[in-house]
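Step one of this worksheet: look at the structure below.
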Amino acid sequence: MSEKPLPPKLLLRDANTHRSPISPALSLTFLRFSIAALLVGAAIAVLVLRVVLPQQPERVWGAIGVAAIALVAWLIQYRGHWRHAMRFLAIGAWSAVTVIAVFTGGVMSPVVIAYPLIILMTGWLLSPLSAVITAGLTVVATVGLIAAEQWGWLARAYAIPLVWHGVDQIIVYIMAALIAFFVVRVYQNRIDESREAAAALIQRTADMEAGKLDLQRAQGVARVGSWGYELGTDIMRFSDEACRILGLREGTVLNQATCLAGVYSLDRDAMGEAWLSAVKSGHFDHEHRVQVGRDIRWVREKAEISYSPDGTPLKAVGVTQDITVRRLAEEGLRESEARYRSLVEFTPQPILVHRMGTLLFVNEAAIKLFGARDAAQLMTHQAQDLIHPDSQVSQRARMERINSDMPVTGMVEARFLRLDGRTIDVEVQGTAIVYQGERAIQVAIHDITEMKAHQKQLEHIAHFDALTGLPNRVLLADRLHQGMVQAQRRGTLLAVAYLDLDGFKAINDRYGHQTGDQLLIALAARMGQTQREGDTLARLGGDEFVAVLLDLDNADACLPMLTRLLSAAAKPVQLNGQTLQVSASLGVTFFPQSEGVDADQLLRQADQAMYQAKLAGKNRHHVFDTVLDRHVRGHHQSLERIRRALVDSEFVLHYQPKVNMRTGQVIGVEALIRWQHPEDGLLAPAAFLPVIENHALAVEVGEWVLATALEQVKQWQFQGLTLPVSVNVSAYQLQQPDFSLRLRAVQDACIDLPPDCLQLEVLETSAMTDMAHVSTVMSECRRYGVTFALDDFGTGYSSLTYLKHLPVSQLKIDQSFVRNMLDDPDDLAILEGIIGLASTFRREVIAEGVETVEHGVMLLQLGCHLAQGNGIAPAMPGSEIEGWLRRWQPAPAWRDQVLIRPQDLPLLIAGVEHRAWLGAVERYIKGERLEPPPLGPTECRLGGWLVGDGLVHHGSRPGFESVSPLHDRVHVVAGRLCELKSSGEGEQACARLGELQGPSQSLLAQLSALTES
């Protein structure tokens, strides 16, 4: 069975009657220990008796009885009645031993040795008195057993073996040892508890002393002392701080009369009455003065009085607080308030004091400001009632900040209300003060109503035109800025209309300025009536006006408003019996634009558009052209940037070699300008030269090119290289009256140069403008050794007049013809014609744009030996020319080429025509052409030549008979591929284009072989 703990409530209940030398908890433990010991002893006795004395089974019943008594005691304590269990166990155990002794030999029975243990157990479980009683009963029982044995009243004793006596004694010794051990442990615990209690007492005493010191210090800090008064003995005791406050020695004991004698004489009677009243009510709270030497102190005393059950006052416990400083401060405050009233009462500045909106004080100036009869009338209102609704929120916030000790700005503007309802403009400043002992707010007021009215008048003058009353430039700038911000936010258009009156000056001069002003006033009023709400019409001065039109969905939305403006300005005006009439020219621009513009730019744009309207006939409007303006501004910016690049030496020259393809000789170089832009890198001439065309800057750049190129030729000459240089000259530069003189000056600056080292290239179109002047300039320059070449020949009119009258020694075939001559028979025909024309006029010819070896081969066959282009060498810095010269080798195919015979020229053209036809087929298959070229073998130009002139002039040559089958095969393959394309199999057709390349290459090779045969 598990041990059931005893409830604390039962422990406390039984502890009130507990007389045991040990605590209730230990007694309970000893009880359980004793029960367990009896049960163990009984069990051992039963076992031993059954083994040692099996012939005496009746002796077992005594041990069983002891075990039963122990079990019953266990059940009683288990139910919580541990005192009853102790008594039952003690009495039961003693009774059991006595009964067993009666039946087992009297005083000679082994169990009598248990009497001492039972006496000890009774003393520990119950009380010392119970032990004495048990001992007495034991003596009586022992005497009775002896007498009964003497008289023979006892039953015959069984023979008891010696072993049994030994076992009994051993059991008793073990139990005695356990009891002794328990007793020692109990006393040891009591000693430890006593020591702990002593230590706790010492610590508590020290804490109390420390608390007493802390209390004394706290009383000193708070200037509060304590006291106690026993009314029955008339004795008063004071704490150290109370003695200090009252001027007494520490430890002083007084009676009531002596204590009352220390009260200041003027306060003594009131003190006595307050005490008598407190005795009745039980509470004492009184402020009075006490005499301390020559000083007088203010104290406040508070006490609580306790009474006996019959209502007799017994004791008073109270405190004494030194309030001298507070009372002096209050007296000073009252004096300060009196001085404050005297100062602000008659000050000319309105002042009022309020607490949480309730007026506490107003001076005469405030009464006058708010229009009240007297202070009483004004103070019936709350402070909030005097504040205009426009200023309620800001003033309430300032009051909250002042009450929260937060910083506020000085004077602020606000609007107040007089009692008659009129609004006044004021400047106010609120300050936190102490008034009548509590926190309040003082408000100083400055009336600025007249100043604000004057300020508004000045603002109107500053923002409105004095004559017409319309907004002036200042207000226009503000309205325009706001309108631009609004247009961007709403995604709408804003229109700025600049209006100038037509004919106003004539009226002003004829009728005088007064009439002119009256006319302006009438027209301004009339035009203002045409504006929508939100729009602005402003006068800039004179007869110039500006309208700002807002919230336009598109540019056309402003047309009705512009029409109304023009109509209002053009209507006749009757003044002084005269009918006066003017019109208006109006320029319009819009915002936002593709490029960022500000308000000033909008006004300038509208002004420019207005002048265009005047030029167009007046009495109309003109919309500003932003695209043209942006182009003009961009052109000017580009010119300035190019000028700065020239000054900063950002331009460089690259040089492209010109060669004789047949011999491999380098005949010179062409100087080509480049711009080494710091941000955009190396720029080609097309990026900047068109900007300076027909501008004076073109002359400066051209002269820089001439000087730089000649200086480079001079450096090459020092290196042992003789390379003539050709320089392009613009038409504007060539047409300058002093061109030849400027050229001579550049040549003279580079001494020791041969005169024929410079060639000038002139565009064919440049010579067209003034041929006579150009011819004269060329002739003058030729006297200096300068030669001329006609550049890009073939792109202009290519008139024979040029070749007849212009002293040019060389024609440069434009690269557009050269690049396409392999695939375009028309370009080839033009090229052949130019070469023939140059030969006829005995002019040297050079081709530009040679990109491949094939280009060079065909040029050589046509009779053009000189060429330049990326297929020969790209343009390069002058420092790289020497290295290129060492590496340069002409293409081997060029060395053996001979001039084609006139009768073989159609063969050459036929090959080009076939390439052109083949290119058309490929473009159709790739989707780059809508319709295929003619696919029949006789429908192309080569097929017609094969059955016509080709058969007549070349039919007898070896290999001609194989040309037609190749040609037919090419057309068959091309037809199949085009059918695939037309049937929607374009990808398959593109993949099979290689089937067309093989036969085509064979055909071209065969045509070339015919040419060479």
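Simple scheme: letters A, B, ... for chains in structure tokens order, numbers from 1 for residues in each chain, numbers from 1 for ligands in the order shown.
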
For A:Arg327, please output as a PDB file with all heavy atoms, in the first residue's frame all residues within 10 Å (counting only C-alpha atoms; exclusion window: fewer than 5 positions along the same chain).
```pdb
ATOM      1  N   ARG A 297       9.749  77.389  10.635  1.00  0.00           N
ATOM      2  CA  ARG A 297       9.602  76.404   9.573  1.00  0.00           C
ATOM      3  C   ARG A 297       8.129  76.056   9.401  1.00  0.00           C
ATOM      4  O   ARG A 297       7.369  76.014  10.364  1.00  0.00           O
ATOM      5  CB  ARG A 297      10.384  75.130   9.887  1.00  0.00           C
ATOM      6  CG  ARG A 297      11.884  75.321   9.927  1.00  0.00           C
ATOM      7  CD  ARG A 297      12.590  74.032  10.257  1.00  0.00           C
ATOM      8  NE  ARG A 297      14.038  74.216  10.339  1.00  0.00           N
ATOM      9  CZ  ARG A 297      14.885  73.294  10.756  1.00  0.00           C
ATOM     10  NH1 ARG A 297      14.418  72.090  11.115  1.00  0.00           N
ATOM     11  NH2 ARG A 297      16.173  73.546  10.823  1.00  0.00           N
ATOM     12  N   TRP A 298       7.793  75.780   8.139  1.00  0.00           N
ATOM     13  CA  TRP A 298       6.456  75.276   7.814  1.00  0.00           C
ATOM     14  C   TRP A 298       6.515  73.750   7.768  1.00  0.00           C
ATOM     15  O   TRP A 298       7.412  73.179   7.171  1.00  0.00           O
ATOM     16  CB  TRP A 298       6.003  75.799   6.458  1.00  0.00           C
ATOM     17  CG  TRP A 298       5.392  77.170   6.508  1.00  0.00           C
ATOM     18  CD1 TRP A 298       6.007  78.336   6.279  1.00  0.00           C
ATOM     19  CD2 TRP A 298       4.027  77.464   6.802  1.00  0.00           C
ATOM     20  NE1 TRP A 298       5.144  79.399   6.409  1.00  0.00           N
ATOM     21  CE2 TRP A 298       3.895  78.866   6.735  1.00  0.00           C
ATOM     22  CE3 TRP A 298       2.903  76.709   7.146  1.00  0.00           C
ATOM     23  CZ2 TRP A 298       2.693  79.531   6.978  1.00  0.00           C
ATOM     24  CZ3 TRP A 298       1.705  77.365   7.364  1.00  0.00           C
ATOM     25  CH2 TRP A 298       1.606  78.758   7.293  1.00  0.00           C
ATOM     26  N   VAL A 299       5.562  73.105   8.480  1.00  0.00           N
ATOM     27  CA  VAL A 299       5.490  71.651   8.465  1.00  0.00           C
ATOM     28  C   VAL A 299       4.062  71.223   8.174  1.00  0.00           C
ATOM     29  O   VAL A 299       3.117  71.968   8.421  1.00  0.00           O
ATOM     30  CB  VAL A 299       5.963  71.027   9.795  1.00  0.00           C
ATOM     31  CG1 VAL A 299       7.422  71.347  10.064  1.00  0.00           C
ATOM     32  CG2 VAL A 299       5.086  71.478  10.953  1.00  0.00           C
ATOM     33  N   ASP A 322       8.661  68.618   6.150  1.00  0.00           N
ATOM     34  CA  ASP A 322       9.134  69.998   6.075  1.00  0.00           C
ATOM     35  C   ASP A 322       8.695  70.577   4.740  1.00  0.00           C
ATOM     36  O   ASP A 322       9.147  70.158   3.674  1.00  0.00           O
ATOM     37  CB  ASP A 322      10.656  70.023   6.197  1.00  0.00           C
ATOM     38  CG  ASP A 322      11.197  71.456   6.279  1.00  0.00           C
ATOM     39  OD1 ASP A 322      10.408  72.396   6.092  1.00  0.00           O
ATOM     40  OD2 ASP A 322      12.405  71.603   6.548  1.00  0.00           O
ATOM     41  N   GLY A 332       6.087  83.214  -3.055  1.00  0.00           N
ATOM     42  CA  GLY A 332       6.777  83.918  -4.141  1.00  0.00           C
ATOM     43  C   GLY A 332       5.941  83.921  -5.409  1.00  0.00           C
ATOM     44  O   GLY A 332       5.941  84.899  -6.154  1.00  0.00           O
ATOM     45  N   LEU A 333       5.253  82.775  -5.669  1.00  0.00           N
ATOM     46  CA  LEU A 333       4.417  82.703  -6.856  1.00  0.00           C
ATOM     47  C   LEU A 333       3.267  83.697  -6.777  1.00  0.00           C
ATOM     48  O   LEU A 333       2.940  84.361  -7.762  1.00  0.00           O
ATOM     49  CB  LEU A 333       3.879  81.284  -7.020  1.00  0.00           C
ATOM     50  CG  LEU A 333       2.998  81.019  -8.245  1.00  0.00           C
ATOM     51  CD1 LEU A 333       3.754  81.291  -9.519  1.00  0.00           C
ATOM     52  CD2 LEU A 333       2.484  79.577  -8.224  1.00  0.00           C
TER      53      LEU A 333
END
```

Residues at most 7 Å from stretch 844-852 of chain A, counting only C-alpha atoms, excluding those fewer than 5 positions away in the same chain, as an mmCIF file with N, CA and C atoms, in the first residue's frame?
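Below you can see part-v8.cif, which holds the result:
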```
data_model
loop_
_atom_site.group_PDB
_atom_site.id
_atom_site.type_symbol
_atom_site.label_atom_id
_atom_site.label_comp_id
_atom_site.auth_asym_id
_atom_site.auth_seq_id
_atom_site.Cartn_x
_atom_site.Cartn_y
_atom_site.Cartn_z
ATOM 1 N N SER A 809 43.425 65.752 -114.994
ATOM 2 C CA SER A 809 44.304 64.745 -115.587
ATOM 3 C C SER A 809 43.820 63.325 -115.306
ATOM 4 N N GLN A 810 42.847 63.169 -114.454
ATOM 5 C CA GLN A 810 42.437 61.818 -114.063
ATOM 6 C C GLN A 810 40.937 61.789 -113.775
ATOM 7 N N LEU A 811 40.295 60.674 -114.169
ATOM 8 C CA LEU A 811 38.893 60.431 -113.842
ATOM 9 C C LEU A 811 38.820 59.277 -112.843
ATOM 10 N N LYS A 812 38.051 59.467 -111.749
ATOM 11 C CA LYS A 812 37.876 58.409 -110.749
ATOM 12 C C LYS A 812 36.471 57.847 -110.888
ATOM 13 N N ILE A 813 36.414 56.579 -111.265
ATOM 14 C CA ILE A 813 35.119 55.931 -111.452
ATOM 15 C C ILE A 813 34.509 55.670 -110.073
ATOM 16 N N ASP A 814 33.250 56.064 -109.922
ATOM 17 C CA ASP A 814 32.598 55.918 -108.618
ATOM 18 C C ASP A 814 32.506 54.444 -108.236
ATOM 19 N N GLN A 815 32.710 54.173 -106.959
ATOM 20 C CA GLN A 815 32.780 52.798 -106.465
ATOM 21 C C GLN A 815 31.453 52.050 -106.597
ATOM 22 N N VAL A 818 31.721 50.068 -109.710
ATOM 23 C CA VAL A 818 32.747 49.025 -109.663
ATOM 24 C C VAL A 818 32.267 47.841 -108.816
ATOM 25 N N ARG A 819 31.675 48.099 -107.694
ATOM 26 C CA ARG A 819 31.276 47.019 -106.801
ATOM 27 C C ARG A 819 30.247 46.094 -107.420
ATOM 28 N N ILE A 835 35.445 54.179 -119.278
ATOM 29 C CA ILE A 835 36.842 53.871 -119.642
ATOM 30 C C ILE A 835 37.105 54.279 -121.082
ATOM 31 N N ALA A 838 37.364 58.115 -121.220
ATOM 32 C CA ALA A 838 38.647 58.600 -120.721
ATOM 33 C C ALA A 838 39.746 58.367 -121.735
ATOM 34 N N CYS A 864 41.300 49.215 -117.567
ATOM 35 C CA CYS A 864 41.552 50.089 -116.408
ATOM 36 C C CYS A 864 42.597 49.414 -115.540
ATOM 37 N N LEU A 866 44.583 51.189 -113.085
ATOM 38 C CA LEU A 866 44.760 51.840 -111.784
ATOM 39 C C LEU A 866 43.507 51.624 -110.927
ATOM 40 N N ALA A 867 43.737 51.369 -109.648
ATOM 41 C CA ALA A 867 42.581 51.083 -108.774
ATOM 42 C C ALA A 867 42.955 51.313 -107.304
ATOM 43 N N GLN A 868 41.915 51.422 -106.504
ATOM 44 C CA GLN A 868 42.063 51.453 -105.050
ATOM 45 C C GLN A 868 40.807 50.844 -104.442
ATOM 46 N N GLY A 869 40.912 50.350 -103.237
ATOM 47 C CA GLY A 869 39.772 49.731 -102.572
ATOM 48 C C GLY A 869 40.235 48.782 -101.487
ATOM 49 N N ASN A 870 39.283 48.299 -100.709
ATOM 50 C CA ASN A 870 39.624 47.421 -99.584
ATOM 51 C C ASN A 870 40.206 46.099 -100.044
ATOM 52 N N GLY A 871 39.919 45.685 -101.302
ATOM 53 C CA GLY A 871 40.530 44.469 -101.826
ATOM 54 C C GLY A 871 42.020 44.634 -102.034
#
```

Do a neighbour search on A:Cys757 at 8 Å with only C-alpha atoms, toss out local chain neighbours closer than 4 positions, and write the hits as a short mmCIF file (atom, residue, chain, number, x, y, z; two decimals) with N, CA, C and O atoms, in the first residue's frame.
```cif
data_model
loop_
_atom_site.label_atom_id
_atom_site.label_comp_id
_atom_site.auth_asym_id
_atom_site.auth_seq_id
_atom_site.Cartn_x
_atom_site.Cartn_y
_atom_site.Cartn_z
N VAL A 713 53.41 63.73 -96.18
CA VAL A 713 54.27 63.46 -97.34
C VAL A 713 55.71 63.83 -97.04
O VAL A 713 56.66 63.12 -97.41
N LEU A 723 55.62 59.32 -102.20
CA LEU A 723 54.22 58.97 -102.37
C LEU A 723 53.41 60.24 -102.57
O LEU A 723 53.20 61.01 -101.63
N PRO A 724 52.93 60.50 -103.78
CA PRO A 724 52.01 61.63 -103.97
C PRO A 724 50.73 61.38 -103.18
O PRO A 724 50.31 60.24 -102.99
N VAL A 725 50.10 62.46 -102.77
CA VAL A 725 48.88 62.35 -101.99
C VAL A 725 47.77 63.10 -102.70
O VAL A 725 47.99 64.18 -103.26
N LEU A 753 59.29 70.10 -100.82
CA LEU A 753 58.40 69.09 -101.39
C LEU A 753 58.29 69.32 -102.89
O LEU A 753 58.14 70.47 -103.35
N VAL A 786 50.13 71.44 -109.05
CA VAL A 786 49.04 70.64 -108.52
C VAL A 786 48.24 70.07 -109.68
O VAL A 786 47.90 70.79 -110.62
#
```

* Quick one: of A:Thr938, A:Gln605, A:Thr492, A:Thr626, who's nearest to A:Leu552, counting only C-alpha atoms? -> A:Thr492

* Asked: Could you pull out all residues of stretch 650-893 of chain A with a DSSP call of alpha helix (DSSP H) and give them as a ChimeraX atom specification?
  -> /A:696-718,731-734,739-749,764-769,771-782,800-805,815-820,825-840,853-862,881-887,892-893

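Among A:Lys302, A:Pro825, A:Leu493, A:Met610, the residue with the shortest atom-to-atom distance to A:Ala274, counting only C-alpha atoms, is A:Lys302.
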
* Asked: Near stretch 886-896 of chain A, counting only C-alpha atoms, which residues have an atom at most 10 Å away, once you skip same-chain residues fewer than 3 positions from it, shown as a PyMOL selection string?
  -> chain A and resi 659-666+852-854+856-861+865+871-873+881-883

* **All residues 10 Å or closer to A:Ala141, only C-alpha atoms, same chain fewer than 6 positions away omitted, as a list in words** => Thr98, Ala101, Val102, Gly106, Val107, Ala135 and Ala147 of chain A

* Asked: Can you list every residue in stretch 517-750 of chain A that DSSP puts in strand (DSSP E or B), as a VMD selection string?
  -> chain A and resid 536 to 541 544 to 552 573 to 575 578 to 580 583 to 591 621 to 623 651 to 660 666 to 677 681 to 683 725 to 729

With C-alpha atoms kept, could you save the residues just selected as a PDB file, in the first residue's frame?
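Saved to part_32.pdb:
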```
ATOM      1  CA  THR A 536      -4.924  82.200 -68.006  1.00  0.00           C
ATOM      2  CA  LEU A 537      -4.737  85.334 -70.142  1.00  0.00           C
ATOM      3  CA  ALA A 538      -1.799  87.571 -69.193  1.00  0.00           C
ATOM      4  CA  ARG A 539      -0.449  90.856 -70.507  1.00  0.00           C
ATOM      5  CA  LEU A 540       3.302  90.961 -71.050  1.00  0.00           C
ATOM      6  CA  GLY A 541       3.402  94.665 -71.847  1.00  0.00           C
ATOM      7  CA  GLU A 544       1.453  91.643 -76.318  1.00  0.00           C
ATOM      8  CA  PHE A 545      -0.644  89.021 -74.510  1.00  0.00           C
ATOM      9  CA  VAL A 546      -0.140  85.352 -73.645  1.00  0.00           C
ATOM     10  CA  ALA A 547      -2.868  82.748 -73.093  1.00  0.00           C
ATOM     11  CA  VAL A 548      -2.225  79.445 -71.290  1.00  0.00           C
ATOM     12  CA  LEU A 549      -4.801  76.803 -72.236  1.00  0.00           C
ATOM     13  CA  LEU A 550      -5.014  73.692 -70.019  1.00  0.00           C
ATOM     14  CA  ASP A 551      -6.336  70.122 -70.246  1.00  0.00           C
ATOM     15  CA  LEU A 552      -6.324  69.705 -74.029  1.00  0.00           C
ATOM     16  CA  VAL A 573     -14.464  99.080 -80.179  1.00  0.00           C
ATOM     17  CA  GLN A 574     -16.416 102.355 -79.652  1.00  0.00           C
ATOM     18  CA  LEU A 575     -14.300 104.928 -77.759  1.00  0.00           C
ATOM     19  CA  GLN A 578     -14.644 106.770 -82.566  1.00  0.00           C
ATOM     20  CA  THR A 579     -14.811 103.250 -83.950  1.00  0.00           C
ATOM     21  CA  LEU A 580     -11.444 101.611 -83.506  1.00  0.00           C
ATOM     22  CA  SER A 583      -6.565  92.416 -85.441  1.00  0.00           C
ATOM     23  CA  ALA A 584      -4.195  89.944 -83.822  1.00  0.00           C
ATOM     24  CA  SER A 585      -1.415  87.610 -84.896  1.00  0.00           C
ATOM     25  CA  LEU A 586      -1.151  84.544 -82.729  1.00  0.00           C
ATOM     26  CA  GLY A 587       1.586  81.936 -82.332  1.00  0.00           C
ATOM     27  CA  VAL A 588       0.929  78.608 -80.593  1.00  0.00           C
ATOM     28  CA  THR A 589       3.160  75.922 -79.143  1.00  0.00           C
ATOM     29  CA  PHE A 590       2.362  72.849 -77.055  1.00  0.00           C
ATOM     30  CA  PHE A 591       3.670  71.007 -74.018  1.00  0.00           C
ATOM     31  CA  HIS A 621      -2.553  81.833 -85.956  1.00  0.00           C
ATOM     32  CA  HIS A 622       0.559  79.774 -86.650  1.00  0.00           C
ATOM     33  CA  VAL A 623       1.654  76.579 -84.857  1.00  0.00           C
ATOM     34  CA  PHE A 651      40.518  64.860 -86.440  1.00  0.00           C
ATOM     35  CA  VAL A 652      43.008  62.424 -87.997  1.00  0.00           C
ATOM     36  CA  LEU A 653      43.926  61.404 -91.563  1.00  0.00           C
ATOM     37  CA  HIS A 654      43.999  57.864 -92.870  1.00  0.00           C
ATOM     38  CA  TYR A 655      45.567  57.013 -96.217  1.00  0.00           C
ATOM     39  CA  GLN A 656      44.399  54.471 -98.835  1.00  0.00           C
ATOM     40  CA  PRO A 657      46.992  53.307-101.373  1.00  0.00           C
ATOM     41  CA  LYS A 658      46.377  53.592-105.135  1.00  0.00           C
ATOM     42  CA  VAL A 659      48.126  50.985-107.299  1.00  0.00           C
ATOM     43  CA  ASN A 660      48.734  49.780-110.834  1.00  0.00           C
ATOM     44  CA  VAL A 666      52.032  52.086-105.795  1.00  0.00           C
ATOM     45  CA  ILE A 667      51.264  55.364-107.567  1.00  0.00           C
ATOM     46  CA  GLY A 668      50.101  57.347-104.486  1.00  0.00           C
ATOM     47  CA  VAL A 669      47.662  57.528-101.617  1.00  0.00           C
ATOM     48  CA  GLU A 670      44.353  59.252-100.990  1.00  0.00           C
ATOM     49  CA  ALA A 671      44.006  61.216 -97.722  1.00  0.00           C
ATOM     50  CA  LEU A 672      40.705  60.437 -95.976  1.00  0.00           C
ATOM     51  CA  ILE A 673      39.597  62.377 -92.893  1.00  0.00           C
ATOM     52  CA  ARG A 674      38.349  60.595 -89.736  1.00  0.00           C
ATOM     53  CA  TRP A 675      37.034  61.940 -86.420  1.00  0.00           C
ATOM     54  CA  GLN A 676      38.519  60.315 -83.309  1.00  0.00           C
ATOM     55  CA  HIS A 677      35.507  61.125 -81.135  1.00  0.00           C
ATOM     56  CA  GLY A 681      35.150  56.309 -81.287  1.00  0.00           C
ATOM     57  CA  LEU A 682      36.419  56.618 -84.857  1.00  0.00           C
ATOM     58  CA  LEU A 683      33.772  58.265 -87.075  1.00  0.00           C
ATOM     59  CA  VAL A 725      48.882  62.345-101.990  1.00  0.00           C
ATOM     60  CA  SER A 726      45.420  63.190-103.262  1.00  0.00           C
ATOM     61  CA  VAL A 727      43.090  65.332-101.169  1.00  0.00           C
ATOM     62  CA  ASN A 728      39.347  65.861-101.603  1.00  0.00           C
ATOM     63  CA  VAL A 729      38.278  69.513-101.937  1.00  0.00           C
TER      64      VAL A 729
END
```

* Between A:Ala524, A:Met108, A:Leu697, A:Ile245, which is the closest to A:Gln291 once you count only C-alpha atoms? -> A:Ile245

As an mmCIF file with all heavy atoms, in the first residue's frame, please: the residues near A:Val412 (cut-off 7 Å, only C-alpha atoms, same-chain neighbours under 4 positions excluded).
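File part_35.cif, as written:
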```cif
data_model
loop_
_atom_site.group_PDB
_atom_site.id
_atom_site.type_symbol
_atom_site.label_atom_id
_atom_site.label_comp_id
_atom_site.auth_asym_id
_atom_site.auth_seq_id
_atom_site.Cartn_x
_atom_site.Cartn_y
_atom_site.Cartn_z
ATOM 1 N N GLU A 427 -0.708 88.006 -35.282
ATOM 2 C CA GLU A 427 0.444 87.167 -34.987
ATOM 3 C C GLU A 427 0.350 86.781 -33.523
ATOM 4 O O GLU A 427 0.121 87.640 -32.672
ATOM 5 C CB GLU A 427 1.756 87.895 -35.249
ATOM 6 C CG GLU A 427 2.077 88.076 -36.714
ATOM 7 C CD GLU A 427 3.407 88.775 -36.920
ATOM 8 O OE1 GLU A 427 3.876 89.465 -35.987
ATOM 9 O OE2 GLU A 427 3.972 88.649 -38.020
ATOM 10 N N VAL A 428 0.493 85.493 -33.213
ATOM 11 C CA VAL A 428 0.333 85.027 -31.842
ATOM 12 C C VAL A 428 1.563 84.236 -31.430
ATOM 13 O O VAL A 428 2.230 83.611 -32.250
ATOM 14 C CB VAL A 428 -0.934 84.151 -31.680
ATOM 15 C CG1 VAL A 428 -2.179 84.946 -31.929
ATOM 16 C CG2 VAL A 428 -0.880 82.957 -32.624
ATOM 17 N N GLN A 429 1.814 84.309 -30.121
ATOM 18 C CA GLN A 429 2.888 83.507 -29.538
ATOM 19 C C GLN A 429 2.400 82.948 -28.216
ATOM 20 O O GLN A 429 1.988 83.712 -27.327
ATOM 21 C CB GLN A 429 4.160 84.329 -29.344
ATOM 22 C CG GLN A 429 5.312 83.510 -28.760
ATOM 23 C CD GLN A 429 6.596 84.317 -28.658
ATOM 24 O OE1 GLN A 429 6.555 85.535 -28.673
ATOM 25 N NE2 GLN A 429 7.725 83.646 -28.570
#
```

* **Using only C-alpha atoms: which of A:Leu758, A:Leu803, A:Val224, A:Met821 has the shortest distance to A:Tyr784** =>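 Looking only at the distances to A:Tyr784, the closest residue turns out to be A:Leu758.
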
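Distance-wise, atom CA of A:Ala63 and atom CA of A:Ala45 end up 6.2 Å apart.
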